[in-house]
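Colleague: Let me begin by handing over the structure; questions about it come next.
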Amino acid sequence: MVNRLPDMYVLDALASDIEDLEGILRMLNSETELGWHKEWGRKFSREEIVEALCRLVSNDLILTYVTPEEPGLVPLAPRALPPGDFDDAWFGLTERGRLVHSNWEPGGAGLPGEAV
């Protein structure tokens with residue numbers, strides 16, 4: 001069975017910076033070396049990236065950030081999803097997520113325990 005979850009690609013999109021949903025989609029669907037849609041077989045959809053973000057947050061691989069009234073990003077508690085719309089949140093790797101990403105071999109297995 002082939003790995004059909006985009007989770008590792010999302011982790012890769014967050015490997016160097018905190019990004020919002022649109023930034024993740026733009027990066028994954030890019031025609032540059034940052035894009036993964038050719039390996040994925042098609043353009044990534046917003047719905048599948050939101051689902052991946054939910055899984056990754058629940059598995060403590062990424063952290064959710066929000067923008068309060070004052071300038072700057074504020075991290076939510078570990079495993080906390082955005083309180084509102086995903087369009088108003090940002091995401092970044094946790095230390096665990098960074099470790100999982102650093103051990104990922106593109107084209108190989110996905111997340112630990114994930115069907116491949």
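Residue numbering restarts at 1 in every chain; chains get A, B, ... in the order shown in the structure tokens, and ligands count up from 1 in that same order.
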Got a sec to tell me which of chain A DSSP assigns to helix (DSSP H, G or I), as number ranges by chain?

Modeller: A: 7-13, 21-28, 37-40, 46-58, 86-88, 95-102

Colleague: For those residues, write C-alpha atoms to a file as a PDB file, in the first residue's frame.

Modeller:
ATOM      1  CA  ASP A   7       1.787  14.725   6.400  1.00  0.00           C
ATOM      2  CA  MET A   8       5.516  14.451   5.694  1.00  0.00           C
ATOM      3  CA  TYR A   9       5.253  16.956   2.869  1.00  0.00           C
ATOM      4  CA  VAL A  10       3.567  19.379   5.272  1.00  0.00           C
ATOM      5  CA  LEU A  11       6.364  18.820   7.806  1.00  0.00           C
ATOM      6  CA  ASP A  12       8.852  19.554   5.042  1.00  0.00           C
ATOM      7  CA  ALA A  13       7.057  22.802   4.195  1.00  0.00           C
ATOM      8  CA  LEU A  21      -2.143  27.524   5.549  1.00  0.00           C
ATOM      9  CA  GLU A  22      -1.878  29.490   2.309  1.00  0.00           C
ATOM     10  CA  GLY A  23       1.920  29.554   2.573  1.00  0.00           C
ATOM     11  CA  ILE A  24       2.009  25.774   3.054  1.00  0.00           C
ATOM     12  CA  LEU A  25      -0.249  25.214   0.045  1.00  0.00           C
ATOM     13  CA  ARG A  26       1.738  27.655  -2.093  1.00  0.00           C
ATOM     14  CA  MET A  27       5.001  25.931  -1.170  1.00  0.00           C
ATOM     15  CA  LEU A  28       3.744  22.371  -1.706  1.00  0.00           C
ATOM     16  CA  HIS A  37       2.987  18.062  -6.048  1.00  0.00           C
ATOM     17  CA  LYS A  38       4.803  16.112  -8.769  1.00  0.00           C
ATOM     18  CA  GLU A  39       5.804  13.404  -6.270  1.00  0.00           C
ATOM     19  CA  TRP A  40       2.276  13.537  -4.820  1.00  0.00           C
ATOM     20  CA  ARG A  46      -6.751  22.812   1.014  1.00  0.00           C
ATOM     21  CA  GLU A  47      -8.936  20.107   2.609  1.00  0.00           C
ATOM     22  CA  GLU A  48      -6.190  17.467   2.691  1.00  0.00           C
ATOM     23  CA  ILE A  49      -3.680  19.969   4.108  1.00  0.00           C
ATOM     24  CA  VAL A  50      -6.123  21.005   6.870  1.00  0.00           C
ATOM     25  CA  GLU A  51      -6.615  17.300   7.692  1.00  0.00           C
ATOM     26  CA  ALA A  52      -2.834  16.803   7.753  1.00  0.00           C
ATOM     27  CA  LEU A  53      -2.408  19.817  10.038  1.00  0.00           C
ATOM     28  CA  CYS A  54      -4.988  18.348  12.432  1.00  0.00           C
ATOM     29  CA  ARG A  55      -3.153  15.005  12.532  1.00  0.00           C
ATOM     30  CA  LEU A  56       0.252  16.642  12.957  1.00  0.00           C
ATOM     31  CA  VAL A  57      -0.957  18.918  15.769  1.00  0.00           C
ATOM     32  CA  SER A  58      -2.663  15.960  17.498  1.00  0.00           C
ATOM     33  CA  PHE A  86      -7.399  27.765   9.953  1.00  0.00           C
ATOM     34  CA  ASP A  87      -6.860  30.893   7.843  1.00  0.00           C
ATOM     35  CA  ASP A  88      -6.125  32.840  11.039  1.00  0.00           C
ATOM     36  CA  GLU A  95      11.145  19.499  18.555  1.00  0.00           C
ATOM     37  CA  ARG A  96       9.516  16.107  18.012  1.00  0.00           C
ATOM     38  CA  GLY A  97       8.359  17.202  14.549  1.00  0.00           C
ATOM     39  CA  ARG A  98      11.854  18.419  13.712  1.00  0.00           C
ATOM     40  CA  LEU A  99      13.273  15.028  14.718  1.00  0.00           C
ATOM     41  CA  VAL A 100      10.705  13.116  12.645  1.00  0.00           C
ATOM     42  CA  HIS A 101      11.370  15.369   9.651  1.00  0.00           C
ATOM     43  CA  SER A 102      15.146  15.031   9.946  1.00  0.00           C
TER      44      SER A 102
END

Colleague: How many Å lie between CA of Ser30 in chain A and CA of Pro6 in chain A, rounded to one decimal?

Modeller: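 Spanning CA of Ser30 in chain A to CA of Pro6 in chain A is a straight-line distance of 14.9 Å.
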
Colleague: Which residues, written as a ChimeraX atom specification, have at least one atom at most 12 Å from Leu63 in chain A, with only C-alpha atoms counted and residues fewer than 2 positions away on the same chain left out?

Modeller: /A:11,14,17-20,53-61,65-66,73-82,89-98

Colleague: Mind listing the strand (DSSP E) residues of chain A, per DSSP on the backbone, as a ChimeraX atom specification?

Modeller: /A:19-20,62-66,74-75,89-93

Colleague: Give the answer as one residue: which of A:Ser16, A:Pro83, A:Trp104, A:Glu70 has the shortest atom-to-atom distance to Leu34 in chain A, using only C-alpha atoms?

Modeller: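 Among the listed residues, the smallest separation from Leu34 in chain A belongs to A:Ser16.
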
Colleague: How far is it from CA of Asn29 in chain A to CA of Phe44 in chain A, in Å with one decimal?

Modeller: 6.4 Å
